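Asks: Hey, dropping final.txt in here, compact mmCIF, C-alpha atoms and all ligand atoms:
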# COMPACT_ATOMS: atom_id res chain seq x y z
CA MET A 1 20.40 16.99 11.23
CA PHE A 2 17.36 16.99 13.49
CA LYS A 3 17.59 18.89 16.74
CA PHE A 4 16.29 17.10 19.79
CA ASP A 5 16.38 17.78 23.50
CA GLU A 6 19.43 16.01 25.00
CA ARG A 7 17.14 13.86 27.17
CA ILE A 8 15.21 12.65 24.12
CA LYS A 9 18.47 11.71 22.38
CA LYS A 10 19.52 9.76 25.45
CA TYR A 11 16.15 8.01 25.80
CA SER A 12 16.25 7.10 22.13
CA GLU A 13 19.73 5.60 22.37
CA GLN A 14 18.81 3.72 25.52
CA ALA A 15 15.58 2.45 23.98
CA LEU A 16 17.42 1.17 20.90
CA LYS A 17 19.95 -0.60 23.10
CA ASN A 18 17.21 -2.22 25.20
CA ILE A 19 15.25 -3.49 22.21
CA SER A 20 18.08 -4.74 19.99
CA PRO A 21 17.37 -8.43 20.82
CA ARG A 22 13.71 -7.74 20.07
CA PHE A 23 14.62 -6.32 16.67
CA ALA A 24 16.53 -9.52 15.94
CA SER A 25 13.42 -11.62 16.60
CA LEU A 26 11.28 -9.30 14.47
CA ASP A 27 13.82 -9.54 11.63
CA GLU A 28 13.57 -13.30 11.73
CA VAL A 29 9.80 -13.18 11.14
CA THR A 30 10.19 -10.53 8.44
CA GLU A 31 12.81 -12.51 6.58
CA TYR A 32 10.70 -15.65 6.69
CA ASN A 33 7.60 -13.89 5.38
CA GLN A 34 9.50 -11.91 2.74
CA GLN A 35 11.08 -15.07 1.38
CA LYS A 36 7.69 -16.79 1.39
CA MET A 37 6.47 -13.90 -0.80
CA LEU A 38 9.49 -14.08 -3.11
CA LYS A 39 8.91 -17.82 -3.53
CA ALA A 40 5.28 -17.17 -4.50
CA PHE A 41 6.43 -14.67 -7.17
CA ILE A 42 8.98 -17.14 -8.55
CA ASP A 43 6.67 -20.16 -8.47
CA ASN A 44 4.00 -18.26 -10.40
CA ASN A 45 6.37 -16.91 -13.07
CA VAL A 46 5.56 -13.26 -12.45
CA SER A 47 6.88 -11.31 -15.44
CA GLU A 48 6.88 -7.69 -16.53
CA SER A 49 4.47 -8.31 -19.40
CA ILE A 50 1.57 -9.20 -17.07
CA PHE A 51 1.59 -5.71 -15.54
CA ALA A 52 0.00 -4.36 -18.76
CA GLU A 53 -3.33 -2.64 -18.23
CA SER A 54 -6.65 -3.96 -19.40
CA THR A 55 -9.72 -1.82 -20.10
CA GLY A 56 -13.43 -2.39 -20.61
CA TYR A 57 -14.50 -5.84 -19.38
CA GLY A 58 -10.92 -6.79 -18.63
CA TYR A 59 -11.31 -10.30 -20.05
CA ASN A 60 -8.29 -12.62 -19.80
CA ASP A 61 -6.17 -10.18 -17.81
CA ARG A 62 -3.25 -12.41 -16.84
CA GLY A 63 -1.93 -9.92 -14.31
CA ARG A 64 -5.22 -10.08 -12.45
CA GLU A 65 -5.32 -13.87 -12.54
CA ILE A 66 -1.74 -14.43 -11.45
CA ILE A 67 -1.76 -11.96 -8.55
CA ASP A 68 -4.57 -14.01 -7.02
CA ARG A 69 -2.41 -17.15 -7.15
CA VAL A 70 0.68 -15.37 -5.80
CA PHE A 71 -1.19 -13.97 -2.83
CA ALA A 72 -3.02 -17.22 -2.15
CA GLN A 73 0.27 -19.13 -2.02
CA ALA A 74 1.88 -16.53 0.26
CA VAL A 75 -0.92 -16.71 2.84
CA GLY A 76 -1.30 -20.49 2.60
CA ALA A 77 -4.76 -20.33 1.02
CA GLU A 78 -6.27 -22.28 -1.88
CA ASP A 79 -7.39 -19.14 -3.70
CA ALA A 80 -7.58 -15.36 -3.41
CA LEU A 81 -8.99 -12.17 -4.92
CA VAL A 82 -6.62 -9.18 -4.90
CA ARG A 83 -8.34 -6.17 -6.46
CA HIS A 84 -7.95 -2.41 -6.65
CA ASN A 85 -11.75 -2.28 -7.08
CA PHE A 86 -12.33 -2.95 -3.39
CA THR A 87 -12.72 0.59 -2.05
CA CYS A 88 -11.57 -0.09 1.52
CA GLY A 89 -11.34 -2.78 4.17
CA THR A 90 -14.98 -2.46 5.17
CA HIS A 91 -16.07 -2.97 1.55
CA THR A 92 -13.86 -6.04 1.19
CA LEU A 93 -15.16 -7.59 4.41
CA THR A 94 -18.72 -6.81 3.26
CA VAL A 95 -18.21 -8.64 -0.03
CA ALA A 96 -16.91 -11.65 1.90
CA LEU A 97 -19.83 -11.62 4.36
CA PHE A 98 -22.50 -11.28 1.66
CA GLY A 99 -20.58 -13.71 -0.55
CA VAL A 100 -20.77 -16.54 1.95
CA LEU A 101 -23.92 -15.94 4.01
CA ARG A 102 -27.48 -16.75 2.85
CA PRO A 103 -30.90 -15.86 4.31
CA GLY A 104 -31.54 -17.80 7.50
CA ASN A 105 -27.83 -18.32 8.22
CA VAL A 106 -26.34 -17.27 11.53
CA MET A 107 -23.16 -15.19 11.77
CA LEU A 108 -21.52 -15.55 15.19
CA SER A 109 -18.88 -13.03 16.23
CA VAL A 110 -16.66 -14.65 18.86
CA THR A 111 -14.50 -11.58 19.56
CA GLY A 112 -17.31 -9.45 20.94
CA ARG A 113 -18.67 -6.43 19.11
CA PRO A 114 -16.95 -6.03 15.71
CA TYR A 115 -15.19 -2.93 14.40
CA ASP A 116 -17.46 0.15 14.15
CA THR A 117 -17.79 0.25 10.37
CA ILE A 118 -18.90 -3.40 10.23
CA LEU A 119 -21.94 -2.76 12.46
CA PRO A 120 -24.14 -1.15 9.73
CA VAL A 121 -23.14 -4.03 7.43
CA ILE A 122 -24.51 -6.52 9.95
CA GLY A 123 -27.36 -4.20 10.93
CA VAL A 124 -26.99 -4.24 14.71
CA GLY A 125 -28.05 -1.71 17.31
CA SER A 126 -28.56 1.90 16.31
CA THR A 127 -27.12 1.21 12.87
CA GLU A 128 -30.24 -0.74 11.87
CA ASN A 129 -31.69 0.84 8.71
CA GLU A 130 -33.87 -1.03 6.25
CA ASN A 131 -32.72 1.13 3.35
CA MET A 132 -29.08 0.13 3.70
CA GLY A 133 -29.43 -3.52 2.69
CA SER A 134 -27.62 -4.91 5.71
CA LEU A 135 -27.21 -8.62 6.36
CA ARG A 136 -30.13 -8.31 8.74
CA ASN A 137 -32.32 -6.82 5.98
CA TYR A 138 -31.58 -9.99 4.00
CA GLY A 139 -32.66 -12.27 6.85
CA ILE A 140 -29.18 -13.17 8.05
CA LYS A 141 -29.08 -13.51 11.81
CA TYR A 142 -26.32 -12.21 14.04
CA ASP A 143 -25.15 -13.47 17.41
CA GLU A 144 -22.19 -12.65 19.58
CA VAL A 145 -19.97 -14.31 22.16
CA ALA A 146 -18.32 -11.67 24.34
CA LEU A 147 -14.63 -11.84 25.17
CA GLY A 148 -13.76 -13.02 28.67
CA GLU A 149 -12.95 -10.57 31.45
CA ASP A 150 -9.28 -10.80 30.52
CA GLY A 151 -10.16 -9.71 26.97
CA ARG A 152 -9.41 -13.18 25.61
CA ILE A 153 -11.54 -15.57 23.58
CA ASP A 154 -13.99 -17.60 25.65
CA TYR A 155 -13.75 -21.07 24.08
CA GLU A 156 -16.30 -22.66 26.41
CA LYS A 157 -18.94 -20.07 25.61
CA ILE A 158 -18.29 -20.61 21.89
CA GLU A 159 -18.79 -24.39 22.26
CA GLU A 160 -21.93 -23.75 24.26
CA ARG A 161 -23.35 -21.52 21.50
CA LEU A 162 -22.38 -23.93 18.71
CA ARG A 163 -24.07 -26.82 20.53
CA ASN A 164 -27.21 -24.69 20.84
CA GLY A 165 -28.06 -24.50 17.16
CA PRO A 166 -26.54 -24.22 13.70
CA VAL A 167 -24.07 -21.43 12.99
CA LYS A 168 -22.92 -20.86 9.41
CA MET A 169 -20.08 -18.46 10.12
CA VAL A 170 -17.85 -18.01 13.13
CA TYR A 171 -16.38 -14.53 12.79
CA ILE A 172 -13.09 -13.45 14.37
CA GLN A 173 -11.64 -9.96 14.41
CA ARG A 174 -7.90 -10.45 14.79
CA SER A 175 -6.86 -6.90 15.62
CA ARG A 176 -8.03 -4.99 18.65
CA GLY A 177 -9.30 -2.00 16.66
CA TYR A 178 -9.50 0.98 19.01
CA SER A 179 -9.91 -0.93 22.24
CA LEU A 180 -7.29 -2.09 24.73
CA ARG A 181 -8.11 -5.79 24.46
CA PRO A 182 -5.25 -8.06 23.43
CA THR A 183 -4.93 -8.90 19.74
CA VAL A 184 -5.88 -12.46 18.80
CA SER A 185 -2.91 -14.65 17.87
CA VAL A 186 -2.90 -17.14 15.00
CA ALA A 187 -2.56 -19.91 17.61
CA GLU A 188 -5.80 -18.73 19.24
CA ILE A 189 -7.46 -18.51 15.82
CA LYS A 190 -6.45 -22.12 15.22
CA LYS A 191 -8.15 -23.18 18.44
CA VAL A 192 -11.40 -21.54 17.32
CA VAL A 193 -11.08 -23.08 13.83
CA ASP A 194 -10.63 -26.55 15.33
CA ILE A 195 -13.70 -26.12 17.52
CA ALA A 196 -15.86 -24.66 14.72
CA HIS A 197 -14.92 -27.36 12.21
CA ARG A 198 -16.25 -30.06 14.52
CA TYR A 199 -19.71 -28.73 13.61
CA GLU A 200 -21.06 -29.72 10.18
CA GLY A 201 -21.48 -26.73 7.86
CA THR A 202 -19.75 -24.21 10.13
CA MET A 203 -16.98 -22.12 8.57
CA VAL A 204 -14.65 -19.46 9.97
CA MET A 205 -14.05 -15.97 8.65
CA VAL A 206 -11.29 -13.71 9.97
CA ASP A 207 -11.14 -9.92 9.71
CA ASN A 208 -7.37 -9.95 9.19
CA CYS A 209 -6.88 -6.15 9.11
CA TYR A 210 -3.54 -5.05 10.64
CA GLY A 211 -2.50 -8.65 11.30
CA GLU A 212 -0.89 -9.60 7.98
CA TRP A 213 2.79 -10.65 8.13
CA THR A 214 3.15 -10.00 11.86
CA GLU A 215 3.56 -13.74 12.47
CA LYS A 216 5.05 -16.58 10.43
CA LEU A 217 1.60 -18.05 9.86
CA GLU A 218 -1.59 -16.44 8.62
CA PRO A 219 -5.08 -17.58 9.72
CA THR A 220 -5.46 -19.39 6.36
CA ASP A 221 -2.34 -21.44 7.16
CA VAL A 222 -4.17 -22.90 10.16
CA GLY A 223 -7.50 -23.62 8.51
CA ALA A 224 -9.50 -20.37 8.51
CA ASP A 225 -11.96 -20.62 5.59
CA ILE A 226 -11.91 -16.96 4.55
CA ILE A 227 -9.77 -13.95 5.50
CA ALA A 228 -10.07 -10.39 4.22
CA GLY A 229 -8.23 -7.11 4.62
CA SER A 230 -7.33 -3.72 3.21
CA LEU A 231 -4.45 -2.99 0.81
CA ILE A 232 -3.82 0.45 2.35
CA LYS A 233 -2.87 -1.39 5.52
CA ASN A 234 -0.22 -4.12 5.92
CA PRO A 235 -0.48 -6.22 2.74
CA GLY A 236 -0.34 -3.31 0.25
CA GLY A 237 3.17 -2.49 1.43
CA GLY A 238 2.50 1.28 1.34
CA ILE A 239 2.51 1.12 -2.46
CA ALA A 240 -0.99 -0.04 -3.40
CA LYS A 241 -3.08 3.13 -3.85
CA THR A 242 -6.33 1.44 -2.85
CA GLY A 243 -7.88 -2.02 -2.78
CA GLY A 244 -8.45 -5.11 -0.71
CA TYR A 245 -8.03 -8.88 -0.69
CA ILE A 246 -10.03 -11.95 0.15
CA ALA A 247 -8.30 -15.34 0.50
CA GLY A 248 -9.29 -18.79 1.62
CA LYS A 249 -10.88 -22.06 0.51
CA SER A 250 -11.66 -22.15 -3.25
CA LYS A 251 -15.35 -22.75 -2.70
CA TYR A 252 -15.78 -19.63 -0.55
CA VAL A 253 -13.50 -17.41 -2.64
CA GLU A 254 -15.60 -18.34 -5.68
CA MET A 255 -18.78 -17.35 -3.82
CA CYS A 256 -17.16 -14.02 -2.94
CA ALA A 257 -16.18 -13.47 -6.59
CA TYR A 258 -19.86 -13.72 -7.59
CA ARG A 259 -20.69 -11.09 -5.02
CA MET A 260 -17.71 -8.90 -5.97
CA THR A 261 -19.03 -8.57 -9.55
CA THR A 262 -22.18 -10.53 -10.44
CA PRO A 263 -23.56 -14.06 -10.30
CA GLY A 264 -22.34 -15.67 -13.50
CA LEU A 265 -19.48 -13.28 -14.25
CA GLY A 266 -17.55 -13.60 -11.00
CA ARG A 267 -13.79 -13.13 -11.38
CA GLU A 268 -13.80 -13.19 -15.20
CA VAL A 269 -14.27 -9.41 -15.43
CA GLY A 270 -12.62 -6.33 -13.96
CA ALA A 271 -10.29 -4.03 -15.88
CA THR A 272 -7.00 -3.46 -14.07
CA LEU A 273 -6.60 0.08 -15.53
CA GLY A 274 -2.84 0.09 -15.07
CA GLN A 275 -2.99 -0.70 -11.34
CA SER A 276 -1.41 -4.17 -11.60
CA ARG A 277 2.23 -3.15 -11.35
CA GLU A 278 1.66 -1.25 -8.12
CA LEU A 279 -0.42 -4.06 -6.65
CA TYR A 280 2.38 -6.53 -7.38
CA MET A 281 5.01 -4.16 -5.97
CA GLY A 282 2.82 -3.52 -2.96
CA ILE A 283 2.11 -7.11 -2.03
CA PHE A 284 5.77 -7.95 -2.67
CA ASN A 285 6.94 -5.29 -0.21
CA GLY A 286 4.23 -6.04 2.36
CA PRO A 287 6.24 -8.35 4.64
CA HIS A 288 9.26 -6.01 4.75
CA VAL A 289 7.17 -2.91 5.40
CA VAL A 290 5.27 -4.68 8.18
CA GLY A 291 8.66 -5.44 9.74
CA GLU A 292 9.47 -1.70 9.69
CA ALA A 293 6.08 -0.88 11.24
CA LEU A 294 6.67 -3.46 13.98
CA LYS A 295 10.06 -1.93 14.79
CA THR A 296 8.40 1.49 14.97
CA ALA A 297 5.77 0.15 17.39
CA VAL A 298 8.36 -1.55 19.61
CA PHE A 299 10.58 1.56 19.66
CA THR A 300 7.57 3.72 20.57
CA SER A 301 6.68 1.40 23.43
CA GLU A 302 10.23 1.47 24.82
CA ILE A 303 10.97 5.19 24.53
CA MET A 304 7.60 6.04 26.09
CA LYS A 305 8.34 3.61 28.91
CA LEU A 306 11.58 5.50 29.61
CA LEU A 307 9.47 8.67 29.80
CA GLY A 308 7.25 6.92 32.36
CA PHE A 309 4.28 5.79 30.23
CA GLY A 310 2.80 2.34 29.88
CA SER A 311 1.84 0.91 26.53
CA THR A 312 0.39 -2.24 25.11
CA PRO A 313 1.84 -4.46 23.89
CA GLU A 314 5.12 -3.88 25.70
CA ALA A 315 8.35 -4.07 23.71
CA PHE A 316 9.06 -7.72 24.47
CA GLU A 317 5.49 -9.00 24.41
CA ASP A 318 4.40 -11.22 21.51
CA ARG A 319 2.73 -9.20 18.78
CA HIS A 320 -0.07 -10.14 16.41
CA ASP A 321 -0.76 -6.81 14.76
CA ILE A 322 1.03 -3.50 14.07
CA ILE A 323 -0.93 -1.40 16.58
CA GLU A 324 0.68 0.19 19.62
CA ALA A 325 -1.52 1.79 22.28
CA VAL A 326 0.29 4.29 24.51
CA LYS A 327 -1.47 5.20 27.75
CA LEU A 328 -0.78 8.90 28.18
CA GLY A 329 -3.52 9.39 30.77
CA ARG A 330 -4.12 13.09 30.06
CA GLU A 331 -5.76 15.05 27.29
CA ASP A 332 -2.94 17.60 26.93
CA LEU A 333 -0.34 14.84 26.63
CA LEU A 334 -2.43 13.08 24.00
CA ILE A 335 -2.64 16.22 21.91
CA ALA A 336 1.09 16.91 22.37
CA PHE A 337 1.97 13.37 21.24
CA CYS A 338 -0.10 13.58 18.06
CA GLN A 339 1.13 17.07 17.20
CA GLY A 340 4.73 15.98 17.74
CA LEU A 341 4.34 12.89 15.57
CA GLN A 342 3.04 15.04 12.71
CA LYS A 343 6.25 17.12 12.75
CA GLY A 344 8.20 14.09 11.57
CA ALA A 345 5.92 13.08 8.69
CA PRO A 346 7.29 13.16 5.13
CA VAL A 347 4.02 14.72 3.91
CA ASP A 348 2.14 17.56 5.68
CA SER A 349 4.75 17.94 8.42
CA PHE A 350 3.85 21.64 8.74
CA VAL A 351 0.24 20.87 9.72
CA THR A 352 -0.85 20.98 13.37
CA PRO A 353 -3.52 18.36 14.06
CA GLU A 354 -6.38 19.51 16.31
CA PRO A 355 -9.14 17.51 18.03
CA TRP A 356 -12.41 17.54 16.06
CA ASP A 357 -15.94 16.16 16.23
CA MET A 358 -15.69 13.19 13.93
CA PRO A 359 -19.01 11.83 12.61
CA GLY A 360 -20.00 8.65 14.45
CA TYR A 361 -17.92 9.30 17.56
CA ASP A 362 -19.16 10.52 20.95
CA ASN A 363 -15.92 12.28 21.85
CA LYS A 364 -13.59 14.54 19.96
CA VAL A 365 -10.84 12.70 18.12
CA ILE A 366 -7.32 13.83 17.25
CA MET A 367 -5.45 12.22 14.37
CA SER A 368 -1.92 12.52 13.13
CA ALA A 369 -1.19 11.38 9.59
CA GLY A 370 1.30 12.57 7.03
CA ALA A 371 0.87 9.99 4.33
CA PHE A 372 1.35 9.63 0.58
CA THR A 373 -1.96 7.77 0.37
CA LEU A 374 -5.04 9.29 1.99
CA GLY A 375 -5.98 7.31 5.10
CA SER A 376 -3.18 4.80 4.67
CA SER A 377 -2.42 3.32 8.07
CA ILE A 378 0.58 1.23 7.07
CA GLU A 379 2.15 4.69 6.89
CA LEU A 380 2.93 6.15 10.32
CA SER A 381 -0.25 7.49 11.87
CA ALA A 382 -1.92 7.89 15.24
CA ASP A 383 -5.48 8.37 16.42
CA ALA A 384 -6.82 9.22 19.83
CA PRO A 385 -10.35 9.77 21.09
CA LEU A 386 -10.28 12.42 23.84
CA ARG A 387 -11.67 10.23 26.61
CA GLU A 388 -10.51 7.90 29.37
CA PRO A 389 -8.00 6.25 29.45
CA PHE A 390 -6.49 8.95 27.16
CA ALA A 391 -4.57 6.45 25.10
CA VAL A 392 -3.21 6.99 21.63
CA TRP A 393 -3.26 4.22 19.02
CA LEU A 394 -0.23 4.37 16.77
CA GLN A 395 0.42 2.26 13.71
CA GLY A 396 2.54 2.00 10.61
CA GLY A 397 5.88 3.37 9.49
CA LEU A 398 7.11 2.63 5.95
CA ASN A 399 10.69 2.66 7.16
CA PHE A 400 11.93 2.64 10.72
CA HIS A 401 14.80 5.09 10.19
CA SER A 402 12.34 7.83 9.27
CA ALA A 403 9.47 6.81 11.56
CA LYS A 404 11.86 6.91 14.52
CA ILE A 405 12.30 10.68 14.02
CA ALA A 406 8.54 11.24 14.16
CA VAL A 407 8.27 9.17 17.36
CA MET A 408 11.13 11.17 18.90
CA TYR A 409 9.26 14.39 18.07
CA ALA A 410 6.13 12.95 19.69
CA ALA A 411 8.11 12.05 22.83
CA GLN A 412 9.70 15.50 22.85
CA GLU A 413 6.34 17.30 22.72
CA VAL A 414 5.12 15.14 25.62
CA LEU A 415 8.27 16.00 27.56
CA LYS A 416 7.68 19.74 26.97
CA VAL A 417 4.24 19.47 28.60
CA LEU A 418 5.72 17.55 31.54
CA ASP A 419 8.41 20.23 31.95
CA LYS A 420 5.67 22.86 32.30
CA ASP A 421 4.09 20.80 35.10
CA VAL A 422 7.13 21.14 37.33
CA MET A 423 7.69 24.82 36.60
C1 LIG B 1 -9.30 -0.86 9.36
C2 LIG B 1 -10.15 -1.94 9.85
C3 LIG B 1 -11.37 -2.27 9.23
C4 LIG B 1 -11.98 -1.47 8.12
O1 LIG B 1 -11.13 -1.02 7.17
P1 LIG B 1 -11.35 0.35 6.38
O2 LIG B 1 -10.36 0.24 5.31
O3 LIG B 1 -11.13 1.48 7.31
O4 LIG B 1 -12.76 0.33 5.84
C5 LIG B 1 -12.06 -3.35 9.72
N1 LIG B 1 -11.61 -4.06 10.76
C6 LIG B 1 -10.47 -3.76 11.39
C7 LIG B 1 -10.02 -4.58 12.56
C8 LIG B 1 -9.70 -2.70 10.96
O5 LIG B 1 -8.55 -2.41 11.58
Once more with this new file: its structure as structure tokens, please.
Ligand SMILES: *Cc1c(COP(=O)(O)O)cnc(C)c1O
Replies:
Amino acid sequence: MFKFDERIKKYSEQALKNISPRFASLDEVTEYNQQKMLKAFIDNNVSESIFAESTGYGYNDRGREIIDRVFAQAVGAEDALVRHNFTCGTHTLTVALFGVLRPGNVMLSVTGRPYDTILPVIGVGSTENENMGSLRNYGIKYDEVALGEDGRIDYEKIEERLRNGPVKMVYIQRSRGYSLRPTVSVAEIKKVVDIAHRYEGTMVMVDNCYGEWTEKLEPTDVGADIIAGSLIKNPGGGIAKTGGYIAGKSKYVEMCAYRMTTPGLGREVGATLGQSRELYMGIFNGPHVVGEALKTAVFTSEIMKLLGFGSTPEAFEDRHDIIEAVKLGREDLLIAFCQGLQKGAPVDSFVTPEPWDMPGYDNKVIMSAGAFTLGSSIELSADAPLREPFAVWLQGGLNFHSAKIAVMYAAQEVLKVLDKDVM
């Protein structure tokens, strides 16, 4: 059906053979999480009638109330807010930060500098702007514990900082974002939670983006007080058109609800406008789709290894998010990879991505995305800033059988460039 270079076909077959035991271990996690989700649907009596839309104030929308309970149960939290009204992950995280923090409180990031779009929310560095209404504008202080030289959490430094004065929120970013540091595991999150909870009044928030359903436990299962993420990443299952979630301890979720709408109204309002059915379908499919994305990442790592390129994590390394960083080492190979990946997308396959000057970045960036939902990164996508170490960050894949073709195209385009080298 698809025509590939004989070498690519061979590499693909070899890669699949090499990683078959790895797929078995991924399937085990997927099955566990998918059944956890099914149980949450059954236990909460999800029925077709609750998908009905509400309008106006959206009072007494049972679909909206029950989805919160379903999601909370699935992630091992006391309570949750699952809403299409959250515009993106950054917005959802912002509601959680402003929901919990009060003037004079200290927010302490223990995974170094947070994700780019969170910086204006906090109001650090060049993003400081009194007109934006950042946490800093509201008198909330920010402090940071850098990661160790190995890119891992520095527990001693965290203890040292906590002993030094009151911290309201310890903030963890689980995924690596666009750096090459290792992703934080739920076991490591638990260690931080246990340390933080020894200090009166200190709570833990986790930016859970890209981490959902990659392990059998979520941060809330091991005591994190609040987690938040985007529904056009892992937990929306590629079906939710937009939205986000917050989950955690009842007390904190309630505080976030008052920030999400207004003090007083909280979670009692919010028309679902016919979005409920897709949110339910999306969160239901989340665990399975994450399994497909993980297989895509592992396959990418292995086939690129056969072509001579390193990636992180490697196929058999433990994984805690869906991101795969492939170290191509050269600008032309980076561009070839992204252009090849695009050829295998179900949407916009005919488009050739080119590097461009993206606002907020110092270098040109090239992106490959052929998605049903704009910006959805649970669908197969890749981004690469054109700078050292010339790595591409790949994520997503709604189903492995299709995503595999796109990855083979990416590998083939890389191979074409390498062929020219020797000519
Ligand atoms: C994607 C992401 C965000 C922000 O999400 P958007 O939906 O792009 O606003 C925040 N933190 C991490 C780690 C992310 O991966």
Asks: Go through the chains and note each residue within 10 Å of ligand LIG 1 (chain B), using all atoms listed in the file, then give the set as number ranges by chain.
Replies: A: 86-94, 114-118, 172-178, 183, 206-211, 228-233, 242-244, 321-323, 375-377
Asks: Which residue gives the smallest distance to Leu26 (chain A) among A:Gly123, A:Gly291, A:Gly329, A:Gly266, with only C-alpha atoms counted?
Replies: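 Using only C-alpha atoms, the shortest distance to Leu26 (chain A) belongs to A:Gly291.
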Asks: Please, what distance in Å, to one decimal, runs between CA of Asp383 (chain A) and CA of Val365 (chain A)?
Replies: 7.1 Å
Asks: Between A:Tyr258, A:Tyr138, A:Leu341, A:Arg7, single out the one closest to Asp419 (chain A), counting all atoms listed in the file.
Replies: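 Distance minimum relative to Asp419 (chain A) lands on A:Arg7.
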Asks: Tell me which of A:Lys190, A:Lys249, A:Lys141, A:Lys9 sits closest to Val167 (chain A), counting all atoms listed in the file.
Replies: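 Closest to Val167 (chain A) of all the choices is A:Lys141.
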Asks: Leaving out Phe2 (chain A) and any residue of its chain fewer than 3 positions from it, which residues lie within 12 Å of it when counting only C-alpha atoms, given as a ChimeraX atom specification?
Replies: /A:5-6,8-9,343-344,402,404-406,408-409
Asks: Given the choices A:Gly286, A:Gly274, A:Gly125, A:Pro182, which gets closest to Glu314 (chain A) if the distance is worked out from all atoms listed in the file?
Replies: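 The closest residue to Glu314 (chain A) is A:Pro182.
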Asks: Looking at only C-alpha atoms, which of A:Ala52, A:Ala96, A:Val326, A:Met203 is the one that sits closest to Phe299 (chain A)?
Replies: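 Residue with the minimum atom-to-atom distance to Phe299 (chain A): A:Val326.
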Asks: For Gln339 (chain A), find every residue with an atom within 8 Å (counting only C-alpha atoms), except residues of its own chain fewer than 2 positions away, and show them as JSON, numbers by chain.
Replies: {"A": [335, 336, 337, 341, 342, 343, 352, 353, 354, 368, 410, 413]}
Asks: Counting only C-alpha atoms, which residues in region 182-292 of chain A sit no more than 8 Å from region 143-158 of chain A? For each one, give the nearest pair of atoms and the distance in Å, sorted by chain then residue number, as CSV.
Replies:
residue,atom,partner,partner_atom,distance
A:Pro182,CA,A:Gly151,CA,6.3
A:Val184,CA,A:Arg152,CA,7.7
A:Glu188,CA,A:Ile153,CA,7.9
A:Val192,CA,A:Tyr155,CA,7.2
Asks: Would you fill the gaps in region 281-291 of chain A so it has N, CA, C and O atoms, then print it as a JSON list (two decimals), in the frame of the given file?
Replies:
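Wrote it out as result_24.json, contents follow:
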[["chain", "number", "residue", "atom", "x", "y", "z"],
["A", 281, "MET", "N", 3.93, -4.75, -6.78],
["A", 281, "MET", "CA", 5.01, -4.16, -5.97],
["A", 281, "MET", "C", 4.59, -4.07, -4.51],
["A", 281, "MET", "O", 5.38, -4.33, -3.60],
["A", 282, "GLY", "N", 3.34, -3.68, -4.31],
["A", 282, "GLY", "CA", 2.82, -3.52, -2.96],
["A", 282, "GLY", "C", 2.80, -4.83, -2.19],
["A", 282, "GLY", "O", 3.34, -4.92, -1.09],
["A", 283, "ILE", "N", 2.18, -5.86, -2.80],
["A", 283, "ILE", "CA", 2.11, -7.11, -2.03],
["A", 283, "ILE", "C", 3.50, -7.71, -1.85],
["A", 283, "ILE", "O", 3.79, -8.35, -0.85],
["A", 284, "PHE", "N", 4.39, -7.45, -2.83],
["A", 284, "PHE", "CA", 5.77, -7.95, -2.67],
["A", 284, "PHE", "C", 6.43, -7.32, -1.45],
["A", 284, "PHE", "O", 7.08, -7.99, -0.65],
["A", 285, "ASN", "N", 6.28, -6.01, -1.31],
["A", 285, "ASN", "CA", 6.94, -5.29, -0.21],
["A", 285, "ASN", "C", 6.24, -5.44, 1.14],
["A", 285, "ASN", "O", 6.81, -5.06, 2.17],
["A", 286, "GLY", "N", 5.02, -5.95, 1.12],
["A", 286, "GLY", "CA", 4.23, -6.04, 2.36],
["A", 286, "GLY", "C", 4.98, -6.59, 3.56],
["A", 286, "GLY", "O", 5.07, -5.92, 4.60],
["A", 287, "PRO", "N", 5.56, -7.79, 3.46],
["A", 287, "PRO", "CA", 6.24, -8.35, 4.64],
["A", 287, "PRO", "C", 7.35, -7.44, 5.19],
["A", 287, "PRO", "O", 7.45, -7.25, 6.40],
["A", 288, "HIS", "N", 8.16, -6.88, 4.29],
["A", 288, "HIS", "CA", 9.26, -6.01, 4.75],
["A", 288, "HIS", "C", 8.72, -4.76, 5.46],
["A", 288, "HIS", "O", 9.20, -4.38, 6.53],
["A", 289, "VAL", "N", 7.71, -4.14, 4.84],
["A", 289, "VAL", "CA", 7.17, -2.91, 5.40],
["A", 289, "VAL", "C", 6.51, -3.18, 6.76],
["A", 289, "VAL", "O", 6.63, -2.37, 7.69],
["A", 290, "VAL", "N", 5.85, -4.32, 6.88],
["A", 290, "VAL", "CA", 5.27, -4.68, 8.18],
["A", 290, "VAL", "C", 6.38, -4.80, 9.23],
["A", 290, "VAL", "O", 6.22, -4.37, 10.37],
["A", 291, "GLY", "N", 7.52, -5.35, 8.83],
["A", 291, "GLY", "CA", 8.66, -5.44, 9.74],
["A", 291, "GLY", "C", 9.09, -4.05, 10.23],
["A", 291, "GLY", "O", 9.38, -3.85, 11.42]]
